[in-house]
Amino acid sequence: MKIDVPYGKDSTMSATISDDIKVSFLEANDVTIDDEDENIKEAIKNPINSKSFKEFLSDAKKVLVIVNDATRPTPTKKILEFIFDDLKQTNFNFIIATGAHRGPSQEEYLQIFGSFYEEIKDRIIVHDARVKEDMVFLGQSTNGTQMYVNKAGVEADKIIIISSVEPHYFAGYTGGRKSFLPGIAGYETIEQNHKLALAPEAKALALEGNPVHEDMIDAIKTVKQEIFSIMTVLDKNHKIYATCCGHINDSFHAAIEFANEVFAAPLEKKADIVVSIVKFPQDIDLYQAQKGIDNAKLALKEDGIMILVAKCRCGIGGKAFADLLGSSDTPKAALETIEKGYVLGYHKAAKMAEIGLWAQMWGVTDVEPKIISKLFIKPFSDLQTAIDQALEEKGRDASVLFLMDGGLIVPLVK
């Protein structure tokens, strides 16, 4: 059996596996995609618990549009086709909700905004969480997080959020409230919020009792301006399956139902070897691609082998998590260091180290072997070699599962 998997934006990687090996595939659930344009138009025309879009903008003095950075598949440029004519009648700016990520490259600006970029490029703010003078204090969350957000979010009298809703390995789901925290929050605020990801309740598909989500909801409560939220849910081919607009929390929760229909994937039983493929654009670096490791653990037997397949176009990504893992002799030692004091990025290291206690992590990436091997990930340059070695180690009776969109699919063992 020859298996082709995506690797990077436009290329693939393949492996051939003998027919006597037990191989299965877990993909996002198939859903019916109707006319995408109509889907967006109808959602904007019929917002949930909100004024119509035109009415929302009718008395706007200063509008801020919060959009995702290039690590998310959000179809921002597609949404703009339906709102830009109304938006450009106002005094507007865009802000890219980078959280603690870097700002976009020239190519990534086009990935986000498409043909609109030339017209709006002078109205784009790139959020930088580390610039303290750009932040204003909005209060303290129930969990004690000091809420600092970009002053652009306070100076506008109307806010539009364009985002997408997918499972997230510690926030429960992306989208909605996440555009504020971490999207346009200060660095210390993000650090305090992400420390909560160490709690066992902080996991994919979980909102109730999830301290990370609760913190984000507290952040939204401090925002006094009117918000019009545009949430999309994409299928496994990044086609628009659903659009939910209007009230920020109501549109988010409506979108969750559609996201579960796509990404909550039932699984009969766990496998000895799980190959987790992280697709573009989540394959930007290991910091982002780690989501594919965390989702894969849900489908992996104890003492199994998890093989991450992610190009990691920009290398490792976050420095803190890599430095911590790289300076630790064992996963246990890394977790002991985190207990002594948290630094932003350590939640990522903790999730990886926890898996390292009971399974092996291997990686087919473009990251230099000497770098990734320090992070408890055994490096491979091609999928075939990784599969062959895994089967050699686990035996020909081993079961192999391909998680075809590891960054987003959440396996649910029946």
# chains A, B, ... in the order shown; residues from 1 in each chain; ligands from 1

$ residues_around --residues "Tyr7 of chain A" --least-positions-apart "6" --cutoff "12 Å" --atoms "only C-alpha atoms" --output "ChimeraX atom specification"
/A:13-14,276-284,308-313,364-366,381-383,404-405

$ select_by_dssp --residues "segment 49-266 of chain A" --states "strand (DSSP E)" --output "tab-separated table (two decimals) with N, CA and C atoms, in the first residue's frame"
chain	number	residue	atom	x	y	z
A	63	VAL	N	-13.49	51.96	13.86
A	63	VAL	CA	-13.71	50.51	13.83
A	63	VAL	C	-12.36	49.78	13.84
A	64	LEU	N	-12.27	48.75	14.67
A	64	LEU	CA	-11.09	47.89	14.68
A	64	LEU	C	-11.51	46.48	14.27
A	65	VAL	N	-10.83	45.93	13.27
A	65	VAL	CA	-11.10	44.56	12.81
A	65	VAL	C	-9.95	43.68	13.29
A	66	ILE	N	-10.26	42.72	14.16
A	66	ILE	CA	-9.25	41.80	14.68
A	66	ILE	C	-9.24	40.55	13.81
A	67	VAL	N	-8.06	40.22	13.27
A	67	VAL	CA	-7.94	39.05	12.39
A	67	VAL	C	-6.81	38.16	12.88
A	68	ASN	N	-6.86	36.90	12.51
A	68	ASN	CA	-5.83	35.94	12.90
A	68	ASN	C	-4.55	36.11	12.10
A	92	PHE	N	-11.58	52.86	9.70
A	92	PHE	CA	-11.26	51.51	10.17
A	92	PHE	C	-9.76	51.23	10.21
A	93	ASN	N	-9.40	50.28	11.06
A	93	ASN	CA	-8.06	49.70	11.09
A	93	ASN	C	-8.19	48.20	11.30
A	94	PHE	N	-7.19	47.47	10.86
A	94	PHE	CA	-7.08	46.05	11.16
A	94	PHE	C	-5.97	45.87	12.19
A	95	ILE	N	-6.14	44.87	13.05
A	95	ILE	CA	-5.03	44.47	13.92
A	95	ILE	C	-4.86	42.96	13.80
A	96	ILE	N	-3.63	42.54	13.59
A	96	ILE	CA	-3.34	41.11	13.47
A	96	ILE	C	-3.09	40.56	14.88
A	97	ALA	N	-3.95	39.64	15.28
A	97	ALA	CA	-3.92	39.09	16.65
A	97	ALA	C	-2.82	38.04	16.75
A	124	ILE	N	-3.04	48.61	8.78
A	124	ILE	CA	-2.83	47.35	9.50
A	124	ILE	C	-1.90	47.58	10.68
A	125	ILE	N	-2.36	47.21	11.86
A	125	ILE	CA	-1.55	47.22	13.08
A	125	ILE	C	-1.12	45.77	13.34
A	126	VAL	N	0.17	45.57	13.57
A	126	VAL	CA	0.65	44.24	13.96
A	126	VAL	C	0.85	44.25	15.47
A	135	MET	N	0.02	48.81	25.61
A	135	MET	CA	-0.98	48.06	26.36
A	135	MET	C	-1.69	48.94	27.39
A	136	VAL	N	-2.96	48.62	27.63
A	136	VAL	CA	-3.72	49.29	28.70
A	136	VAL	C	-4.29	48.22	29.63
A	137	PHE	N	-4.44	48.59	30.90
A	137	PHE	CA	-4.91	47.65	31.92
A	137	PHE	C	-6.43	47.69	32.01
A	138	LEU	N	-7.06	46.52	31.96
A	138	LEU	CA	-8.52	46.45	31.99
A	138	LEU	C	-9.07	45.78	33.24
A	139	GLY	N	-8.20	45.31	34.12
A	139	GLY	CA	-8.68	44.66	35.34
A	139	GLY	C	-8.04	43.30	35.55
A	140	GLN	N	-8.55	42.58	36.53
A	140	GLN	CA	-7.98	41.28	36.91
A	140	GLN	C	-9.04	40.19	36.76
A	146	GLN	N	-3.65	39.46	35.28
A	146	GLN	CA	-3.69	40.90	35.05
A	146	GLN	C	-4.00	41.15	33.58
A	147	MET	N	-5.13	41.77	33.28
A	147	MET	CA	-5.61	41.90	31.91
A	147	MET	C	-5.08	43.18	31.24
A	148	TYR	N	-4.02	43.02	30.45
A	148	TYR	CA	-3.51	44.10	29.62
A	148	TYR	C	-3.80	43.77	28.16
A	149	VAL	N	-4.37	44.72	27.41
A	149	VAL	CA	-4.63	44.49	25.99
A	149	VAL	C	-4.14	45.69	25.19
A	150	ASN	N	-3.98	45.48	23.89
A	150	ASN	CA	-3.52	46.54	23.00
A	150	ASN	C	-4.48	47.73	23.04
A	158	LYS	N	-16.10	50.42	17.92
A	158	LYS	CA	-16.74	49.21	17.38
A	158	LYS	C	-15.63	48.21	17.04
A	159	ILE	N	-15.87	46.95	17.35
A	159	ILE	CA	-14.88	45.91	17.08
A	159	ILE	C	-15.52	44.80	16.26
A	160	ILE	N	-14.83	44.42	15.19
A	160	ILE	CA	-15.23	43.26	14.37
A	160	ILE	C	-14.17	42.19	14.57
A	161	ILE	N	-14.60	40.96	14.82
A	161	ILE	CA	-13.66	39.84	14.95
A	161	ILE	C	-13.91	38.87	13.81
A	162	ILE	N	-12.86	38.53	13.08
A	162	ILE	CA	-12.93	37.49	12.04
A	162	ILE	C	-12.03	36.36	12.52
A	163	SER	N	-12.61	35.19	12.74
A	163	SER	CA	-11.82	34.07	13.25
A	163	SER	C	-12.42	32.75	12.78
A	164	SER	N	-11.80	31.67	13.21
A	164	SER	CA	-12.32	30.33	12.89
A	164	SER	C	-12.32	29.50	14.17
A	167	PRO	N	-10.98	22.70	17.36
A	167	PRO	CA	-10.51	22.24	18.67
A	167	PRO	C	-9.12	22.80	18.97
A	168	HIS	N	-8.86	23.08	20.23
A	168	HIS	CA	-7.55	23.56	20.66
A	168	HIS	C	-7.12	22.74	21.87
A	172	GLY	N	-9.57	24.41	24.71
A	172	GLY	CA	-10.84	23.78	24.35
A	172	GLY	C	-11.13	23.96	22.88
A	173	TYR	N	-11.22	25.22	22.46
A	173	TYR	CA	-11.45	25.58	21.06
A	173	TYR	C	-10.76	26.91	20.76
A	226	GLU	N	-19.06	47.63	21.49
A	226	GLU	CA	-19.88	46.68	20.74
A	226	GLU	C	-18.98	45.82	19.86
A	227	ILE	N	-19.30	44.53	19.80
A	227	ILE	CA	-18.51	43.59	18.99
A	227	ILE	C	-19.43	42.89	18.01
A	228	PHE	N	-18.98	42.79	16.76
A	228	PHE	CA	-19.66	41.95	15.77
A	228	PHE	C	-18.67	40.84	15.41
A	229	SER	N	-19.05	39.62	15.71
A	229	SER	CA	-18.16	38.47	15.56
A	229	SER	C	-18.52	37.67	14.31
A	230	ILE	N	-17.51	37.29	13.53
A	230	ILE	CA	-17.72	36.45	12.35
A	230	ILE	C	-16.85	35.20	12.53
A	231	MET	N	-17.49	34.09	12.87
A	231	MET	CA	-16.79	32.83	13.13
A	231	MET	C	-17.04	31.85	12.00
A	232	THR	N	-15.98	31.27	11.47
A	232	THR	CA	-16.12	30.25	10.43
A	232	THR	C	-15.69	28.89	10.96
A	233	VAL	N	-16.25	27.85	10.37
A	233	VAL	CA	-15.81	26.48	10.63
A	233	VAL	C	-15.48	25.87	9.28
A	234	LEU	N	-14.27	25.35	9.15
A	234	LEU	CA	-13.82	24.79	7.88
A	234	LEU	C	-13.86	23.27	7.92
A	240	ILE	N	-15.44	26.27	3.56
A	240	ILE	CA	-16.28	26.80	4.62
A	240	ILE	C	-17.52	25.94	4.80
A	241	TYR	N	-17.62	25.31	5.98
A	241	TYR	CA	-18.75	24.46	6.31
A	241	TYR	C	-19.85	25.27	6.98
A	242	ALA	N	-19.45	26.19	7.85
A	242	ALA	CA	-20.45	26.99	8.58
A	242	ALA	C	-19.87	28.36	8.89
A	243	THR	N	-20.76	29.33	8.98
A	243	THR	CA	-20.42	30.68	9.43
A	243	THR	C	-21.44	31.10	10.46
A	244	CYS	N	-20.95	31.61	11.58
A	244	CYS	CA	-21.84	32.05	12.66
A	244	CYS	C	-21.43	33.47	13.04
A	245	CYS	N	-22.38	34.40	13.00
A	245	CYS	CA	-22.08	35.82	13.22
A	245	CYS	C	-22.91	36.40	14.36
A	246	GLY	N	-22.44	37.56	14.84
A	246	GLY	CA	-23.22	38.31	15.82
A	246	GLY	C	-22.52	38.43	17.15
A	264	ALA	N	-14.32	16.19	15.79
A	264	ALA	CA	-14.37	15.17	16.84
A	264	ALA	C	-14.57	13.82	16.16
A	265	ALA	N	-13.49	13.05	16.03
A	265	ALA	CA	-13.49	11.85	15.18
A	265	ALA	C	-13.51	10.57	16.02
A	266	PRO	N	-14.58	9.78	15.91
A	266	PRO	CA	-14.66	8.54	16.69
A	266	PRO	C	-13.61	7.52	16.25

$ residues_around --residues "segment 325-329 of chain A" --least-positions-apart "6" --cutoff "9 Å" --atoms "only C-alpha atoms" --output "PyMOL selection string"
chain A and resi 337+349-350+352-353+371-376

$ write_last_selection --atoms "C-alpha atoms" --output "PDB file, in the first residue's frame"
ATOM      1  CA  THR A 337      11.888  22.503  36.252  1.00  0.00           C
ATOM      2  CA  ALA A 349       7.214  21.801  26.948  1.00  0.00           C
ATOM      3  CA  ALA A 350       5.045  20.280  29.682  1.00  0.00           C
ATOM      4  CA  MET A 352       5.460  17.201  25.245  1.00  0.00           C
ATOM      5  CA  ALA A 353       7.349  16.028  28.337  1.00  0.00           C
ATOM      6  CA  ILE A 371      18.232  20.531  17.246  1.00  0.00           C
ATOM      7  CA  ILE A 372      15.042  18.465  17.324  1.00  0.00           C
ATOM      8  CA  SER A 373      16.734  15.459  18.935  1.00  0.00           C
ATOM      9  CA  LYS A 374      17.386  17.598  22.032  1.00  0.00           C
ATOM     10  CA  LEU A 375      13.619  17.976  22.431  1.00  0.00           C
ATOM     11  CA  PHE A 376      12.989  14.239  23.025  1.00  0.00           C
TER      12      PHE A 376
END

$ residues_around --residues "Ile248 of chain A" --least-positions-apart "2" --cutoff "6 Å" --atoms "only C-alpha atoms" --output "PDB file with N, CA and C atoms, in the first residue's frame"
ATOM      1  N   GLY A 176     -13.595  33.090  18.852  1.00  0.00           N
ATOM      2  CA  GLY A 176     -14.316  33.896  19.828  1.00  0.00           C
ATOM      3  C   GLY A 176     -13.406  34.696  20.724  1.00  0.00           C
ATOM      4  N   SER A 229     -19.053  39.622  15.715  1.00  0.00           N
ATOM      5  CA  SER A 229     -18.162  38.471  15.562  1.00  0.00           C
ATOM      6  C   SER A 229     -18.522  37.672  14.309  1.00  0.00           C
ATOM      7  N   ASP A 250     -22.193  34.029  21.773  1.00  0.00           N
ATOM      8  CA  ASP A 250     -23.248  33.217  21.161  1.00  0.00           C
ATOM      9  C   ASP A 250     -22.825  32.660  19.803  1.00  0.00           C
ATOM     10  N   SER A 251     -22.129  33.468  19.007  1.00  0.00           N
ATOM     11  CA  SER A 251     -21.658  32.982  17.700  1.00  0.00           C
ATOM     12  C   SER A 251     -20.570  31.919  17.882  1.00  0.00           C
TER      13      SER A 251
END

$ closest_atom_pairs --of "segment 301-358 of chain A" --to "segment 186-209 of chain A" --cutoff "12 Å" --atoms "only C-alpha atoms" --output "tab-separated table"
residue	atom	partner	partner_atom	distance
A:Ala320	CA	A:Glu191	CA	11.6
A:Leu335	CA	A:Leu198	CA	10.3
A:Ile338	CA	A:Leu198	CA	9.5
A:Glu339	CA	A:Leu198	CA	9.9
A:Gly341	CA	A:Lys195	CA	9.8
A:Tyr342	CA	A:Lys195	CA	6.6
A:Val343	CA	A:Glu191	CA	6.8
A:Leu344	CA	A:Glu191	CA	4.8
A:Gly345	CA	A:His194	CA	8.0
A:Tyr346	CA	A:Lys195	CA	7.8
A:His347	CA	A:Leu198	CA	5.9
A:Lys348	CA	A:Ala197	CA	8.8
A:Ala349	CA	A:Leu198	CA	10.1
A:Ala350	CA	A:Leu198	CA	7.3
A:Lys351	CA	A:Leu198	CA	8.0
A:Met352	CA	A:Leu198	CA	11.5
A:Ala353	CA	A:Leu198	CA	11.7
A:Glu354	CA	A:Leu198	CA	10.5

$ write_last_selection --atoms "N, CA and C atoms" --output "PDB file, in the first residue's frame"
ATOM      1  N   ALA A 320      11.573  29.517  24.464  1.00  0.00           N
ATOM      2  CA  ALA A 320      11.567  29.095  25.866  1.00  0.00           C
ATOM      3  C   ALA A 320      11.323  27.595  26.010  1.00  0.00           C
ATOM      4  N   LEU A 335       9.734  18.484  33.564  1.00  0.00           N
ATOM      5  CA  LEU A 335       8.533  18.758  34.362  1.00  0.00           C
ATOM      6  C   LEU A 335       8.887  19.278  35.755  1.00  0.00           C
ATOM      7  N   ILE A 338       9.637  22.968  35.449  1.00  0.00           N
ATOM      8  CA  ILE A 338       8.416  23.762  35.287  1.00  0.00           C
ATOM      9  C   ILE A 338       7.733  23.983  36.631  1.00  0.00           C
ATOM     10  N   GLU A 339       7.784  22.985  37.508  1.00  0.00           N
ATOM     11  CA  GLU A 339       7.179  23.119  38.838  1.00  0.00           C
ATOM     12  C   GLU A 339       7.833  24.227  39.652  1.00  0.00           C
ATOM     13  N   GLY A 341       8.990  27.112  38.439  1.00  0.00           N
ATOM     14  CA  GLY A 341       8.655  28.446  37.962  1.00  0.00           C
ATOM     15  C   GLY A 341       8.258  28.415  36.506  1.00  0.00           C
ATOM     16  N   TYR A 342       7.168  29.146  36.169  1.00  0.00           N
ATOM     17  CA  TYR A 342       6.631  29.110  34.809  1.00  0.00           C
ATOM     18  C   TYR A 342       7.122  30.286  33.975  1.00  0.00           C
ATOM     19  N   VAL A 343       7.469  29.987  32.721  1.00  0.00           N
ATOM     20  CA  VAL A 343       7.814  30.984  31.704  1.00  0.00           C
ATOM     21  C   VAL A 343       6.944  30.683  30.491  1.00  0.00           C
ATOM     22  N   LEU A 344       6.467  31.721  29.783  1.00  0.00           N
ATOM     23  CA  LEU A 344       5.623  31.489  28.618  1.00  0.00           C
ATOM     24  C   LEU A 344       6.297  30.524  27.646  1.00  0.00           C
ATOM     25  N   GLY A 345       5.580  29.504  27.251  1.00  0.00           N
ATOM     26  CA  GLY A 345       6.132  28.462  26.397  1.00  0.00           C
ATOM     27  C   GLY A 345       6.333  27.154  27.147  1.00  0.00           C
ATOM     28  N   TYR A 346       6.427  27.246  28.489  1.00  0.00           N
ATOM     29  CA  TYR A 346       6.640  26.033  29.274  1.00  0.00           C
ATOM     30  C   TYR A 346       5.438  25.094  29.219  1.00  0.00           C
ATOM     31  N   HIS A 347       4.228  25.646  28.979  1.00  0.00           N
ATOM     32  CA  HIS A 347       3.055  24.772  28.831  1.00  0.00           C
ATOM     33  C   HIS A 347       3.247  23.818  27.658  1.00  0.00           C
ATOM     34  N   LYS A 348       3.883  24.315  26.601  1.00  0.00           N
ATOM     35  CA  LYS A 348       4.168  23.498  25.414  1.00  0.00           C
ATOM     36  C   LYS A 348       5.159  22.394  25.775  1.00  0.00           C
ATOM     37  N   ALA A 349       6.216  22.774  26.505  1.00  0.00           N
ATOM     38  CA  ALA A 349       7.214  21.801  26.948  1.00  0.00           C
ATOM     39  C   ALA A 349       6.592  20.755  27.861  1.00  0.00           C
ATOM     40  N   ALA A 350       5.682  21.209  28.738  1.00  0.00           N
ATOM     41  CA  ALA A 350       5.045  20.280  29.682  1.00  0.00           C
ATOM     42  C   ALA A 350       4.218  19.238  28.950  1.00  0.00           C
ATOM     43  N   LYS A 351       3.423  19.686  27.963  1.00  0.00           N
ATOM     44  CA  LYS A 351       2.578  18.747  27.217  1.00  0.00           C
ATOM     45  C   LYS A 351       3.437  17.693  26.508  1.00  0.00           C
ATOM     46  N   MET A 352       4.581  18.137  25.937  1.00  0.00           N
ATOM     47  CA  MET A 352       5.460  17.201  25.245  1.00  0.00           C
ATOM     48  C   MET A 352       6.160  16.275  26.232  1.00  0.00           C
ATOM     49  N   ALA A 353       6.638  16.839  27.346  1.00  0.00           N
ATOM     50  CA  ALA A 353       7.349  16.028  28.337  1.00  0.00           C
ATOM     51  C   ALA A 353       6.439  14.971  28.946  1.00  0.00           C
ATOM     52  N   GLU A 354       5.176  15.327  29.175  1.00  0.00           N
ATOM     53  CA  GLU A 354       4.229  14.359  29.742  1.00  0.00           C
ATOM     54  C   GLU A 354       4.071  13.145  28.827  1.00  0.00           C
TER      55      GLU A 354
END

$ select_by_dssp --residues "segment 94-319 of chain A" --states "helix (DSSP H, G or I)" --output "MDAnalysis selection string"
chainID A and resid 106:123 132:134 152:155 176:179 187:198 211:221 248:263 282:284 286:299 319

$ closest_residue --among "A:Leu87, A:Leu412, A:Leu181, A:Val274" --to "Lys221 of chain A" --atoms "only C-alpha atoms"
A:Leu181

$ atom_distance --atom1 "atom CA of Pro331 of chain A" --atom2 "atom CA of Arg102 of chain A"
27.5 Å

$ closest_residue --among "A:Val154, A:Asn237, A:Cys314, A:Ala15" --to "Ala28 of chain A" --atoms "only C-alpha atoms"
A:Asn237

$ closest_residue --among "A:Pro182, A:Pro73, A:Gly356, A:Pro6" --to "Glu302 of chain A" --atoms "only C-alpha atoms"
A:Gly356

$ residues_around --residues "segment 105-113 of chain A" --least-positions-apart "6" --cutoff "8 Å" --atoms "only C-alpha atoms" --output "PyMOL selection string"
chain A and resi 68-70+75-77

$ decode --residues "segment 127-186 of chain A" --atoms "C-alpha atoms" --output "mmCIF file, in the first residue's frame"
data_model
loop_
_atom_site.group_PDB
_atom_site.id
_atom_site.type_symbol
_atom_site.label_atom_id
_atom_site.label_comp_id
_atom_site.auth_asym_id
_atom_site.auth_seq_id
_atom_site.Cartn_x
_atom_site.Cartn_y
_atom_site.Cartn_z
ATOM 1 C CA HIS A 127 0.136 43.448 17.623
ATOM 2 C CA ASP A 128 3.386 43.094 19.569
ATOM 3 C CA ALA A 129 2.713 41.773 23.057
ATOM 4 C CA ARG A 130 6.140 42.879 24.283
ATOM 5 C CA VAL A 131 5.617 46.622 23.665
ATOM 6 C CA LYS A 132 4.308 47.648 27.078
ATOM 7 C CA GLU A 133 3.503 51.233 26.083
ATOM 8 C CA ASP A 134 0.935 49.865 23.595
ATOM 9 C CA MET A 135 -0.984 48.059 26.357
ATOM 10 C CA VAL A 136 -3.719 49.291 28.699
ATOM 11 C CA PHE A 137 -4.910 47.650 31.924
ATOM 12 C CA LEU A 138 -8.519 46.447 31.989
ATOM 13 C CA GLY A 139 -8.682 44.656 35.336
ATOM 14 C CA GLN A 140 -7.981 41.284 36.912
ATOM 15 C CA SER A 141 -9.550 37.928 36.059
ATOM 16 C CA THR A 142 -11.120 35.544 38.558
ATOM 17 C CA ASN A 143 -7.948 33.444 38.308
ATOM 18 C CA GLY A 144 -5.782 36.478 39.087
ATOM 19 C CA THR A 145 -4.561 37.229 35.571
ATOM 20 C CA GLN A 146 -3.688 40.899 35.051
ATOM 21 C CA MET A 147 -5.605 41.904 31.911
ATOM 22 C CA TYR A 148 -3.507 44.103 29.620
ATOM 23 C CA VAL A 149 -4.626 44.493 25.991
ATOM 24 C CA ASN A 150 -3.519 46.539 22.998
ATOM 25 C CA LYS A 151 -4.756 50.122 23.285
ATOM 26 C CA ALA A 152 -6.120 49.868 19.722
ATOM 27 C CA GLY A 153 -8.822 47.623 21.141
ATOM 28 C CA VAL A 154 -9.808 50.308 23.648
ATOM 29 C CA GLU A 155 -9.595 53.336 21.354
ATOM 30 C CA ALA A 156 -12.077 51.880 18.826
ATOM 31 C CA ASP A 157 -15.777 52.224 19.542
ATOM 32 C CA LYS A 158 -16.735 49.215 17.385
ATOM 33 C CA ILE A 159 -14.883 45.909 17.080
ATOM 34 C CA ILE A 160 -15.234 43.262 14.373
ATOM 35 C CA ILE A 161 -13.664 39.843 14.946
ATOM 36 C CA ILE A 162 -12.926 37.491 12.044
ATOM 37 C CA SER A 163 -11.821 34.072 13.253
ATOM 38 C CA SER A 164 -12.320 30.328 12.895
ATOM 39 C CA VAL A 165 -13.375 27.728 15.420
ATOM 40 C CA GLU A 166 -11.475 24.462 15.736
ATOM 41 C CA PRO A 167 -10.510 22.237 18.674
ATOM 42 C CA HIS A 168 -7.552 23.561 20.658
ATOM 43 C CA TYR A 169 -5.399 21.344 22.831
ATOM 44 C CA PHE A 170 -5.623 23.457 25.996
ATOM 45 C CA ALA A 171 -8.138 26.272 25.348
ATOM 46 C CA GLY A 172 -10.840 23.777 24.347
ATOM 47 C CA TYR A 173 -11.453 25.582 21.057
ATOM 48 C CA THR A 174 -9.958 28.398 19.037
ATOM 49 C CA GLY A 175 -12.067 31.394 18.059
ATOM 50 C CA GLY A 176 -14.316 33.896 19.828
ATOM 51 C CA ARG A 177 -12.778 35.165 23.049
ATOM 52 C CA LYS A 178 -9.321 33.962 21.955
ATOM 53 C CA SER A 179 -8.993 36.985 19.635
ATOM 54 C CA PHE A 180 -8.574 39.176 22.748
ATOM 55 C CA LEU A 181 -6.638 36.805 24.988
ATOM 56 C CA PRO A 182 -4.091 35.859 23.789
ATOM 57 C CA GLY A 183 -4.779 37.617 20.444
ATOM 58 C CA ILE A 184 -4.156 41.261 21.376
ATOM 59 C CA ALA A 185 -3.076 40.834 25.005
ATOM 60 C CA GLY A 186 0.162 41.900 26.692
#
